[in-house]
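S.K.: Once you've had a glance at the structure underneath, I'll fire off some questions.
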Amino acid sequence: MGEDTFRSVEIERTSVGKYVVRNVRGGSISMGTGEDGSFTPVELLLAAIGGCTSIDVDHITSRRAEPTQFSVEVTGDKSRDETGGNRMENLTVEFTVTFPVGADGDRAREALPRSLRQSHDRLCTVSRTVELGTPVSIVEAAGSTGD
């Protein structure tokens with residue numbers, strides 16, 4: 001049996017600069033230009049990077065002990081490169097994780113640095129895709145311009 005590798009989301013315009021992103025499981029999130037509470041595409045990129053790594057690290061460390069604190073801050077600088085194109089630079093994912101005192105907490109603390117490396121080097125699809133520079137194709141669907 002083949003592995004299901006295909007992933008997708010659909011984006012629907014609700015008004016100028018406002019959209020709803022939906023996944024195949026029925027989940028949705030608001031996206032826009034940042035003029036309201038909705039997430040901007042860049043914020044969603046940061047959230048995807050941090051979220052992917054968070055899931056990896058959480059699964060590995062929480063097998064040993066339930067964290068008493070688990071928070072992640074993802075930061076970066078939006079810049080314009082020499083060709084005039086926008087991009088993000090200086091991306092950093094900073095984890096603040098604490099575990100309870102005791103043997104289980106000690107095992108989780110010991111696993112934390114290794115889990116961060118594993119996520120970065122091998123597990124996190126999102127950050128690895130960004131770092132490897134995967135090409136993006138932007139195409140117009142057939143028949144999308146007519147009435």
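Order determines the names: the first chain of the structure tokens is A, the second B, and so forth; residues in each chain are numbered 1 upward, and ligands are numbered 1 upward as they are shown.
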As a PyMOL selection string, please: the residues near Asn86 (chain A) (cut-off 12 Å, only C-alpha atoms, same-chain neighbours under 5 positions excluded).

M.R.: chain A and resi 42+77-81

S.K.: Neighbours of Glu43 (chain A) within 12 Å (only C-alpha atoms; same-chain residues fewer than 2 positions away dropped), as a ChimeraX atom specification?

M.R.: /A:30-34,37-41,45-51,73-78,88,91

S.K.: To one decimal place, how far is CA of Pro135 (chain A) from CA of Arg25 (chain A) in Å?

M.R.: 26.3 Å

S.K.: Could you please determine the separation between CA of Val101 (chain A) and CA of Cys52 (chain A) in Å, to one decimal place?

M.R.: 27.1 Å

S.K.: Residues of region 14-138 of chain A classed as alpha helix (DSSP H) by DSSP on the backbone are to be reported as an MDAnalysis selection string.

M.R.: chainID A and resid 41:61 103:118 125:132

S.K.: Within region 81-145 of chain A, find each residue whose DSSP state, derived from the backbone, is strand (DSSP E or B), and express the selection as a VMD selection string.

M.R.: chain A and resid 86 to 98

S.K.: Can you spit out the residues from that selection as a short mmCIF file (atom, residue, chain, number, x, y, z; two decimals), in the first residue's frame, using C-alpha atoms?

M.R.:
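Below is the file that was written, part-v6.cif:
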data_model
loop_
_atom_site.label_atom_id
_atom_site.label_comp_id
_atom_site.auth_asym_id
_atom_site.auth_seq_id
_atom_site.Cartn_x
_atom_site.Cartn_y
_atom_site.Cartn_z
CA ASN A 86 10.43 40.35 -0.30
CA ARG A 87 11.66 37.53 1.92
CA MET A 88 12.17 36.53 5.53
CA GLU A 89 15.62 36.37 7.12
CA ASN A 90 17.06 35.58 10.55
CA LEU A 91 14.38 33.02 11.37
CA THR A 92 14.68 31.82 14.96
CA VAL A 93 12.55 29.32 16.88
CA GLU A 94 13.07 29.81 20.61
CA PHE A 95 11.76 27.19 23.03
CA THR A 96 11.01 27.81 26.70
CA VAL A 97 10.30 24.39 28.17
CA THR A 98 10.40 23.30 31.79
#

S.K.: Calculated over only C-alpha atoms, which of the candidates A:Thr53, A:Ser28, A:Ser144, A:Thr68 has the smallest distance to Gly105 (chain A)?

M.R.: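 Closest to Gly105 (chain A), using only C-alpha atoms: A:Thr68.
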
S.K.: How many Å separate CA of Pro100 (chain A) from CA of Ser115 (chain A)?

M.R.: 17.9 Å

S.K.: What lies within 12 Å of Leu112 (chain A) using only C-alpha atoms, ignoring chain neighbours under 3 positions off, as number ranges by chain?

M.R.: A: 53-54, 56-65, 67, 70, 95-99, 105-109, 115-119

S.K.: Between A:Asp36, A:Glu110, A:Ser71, A:Thr134, which residue has the minimum interatomic distance to Tyr19 (chain A), considering only C-alpha atoms?

M.R.: A:Asp36

S.K.: Rank A:Val72, A:Ile29, A:Thr125, A:Ala111 by their smallest atom-to-atom distance to Thr5 (chain A), using only C-alpha atoms, and report the top residue only.

M.R.: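 Looking only at the distances to Thr5 (chain A), the closest residue turns out to be A:Thr125.
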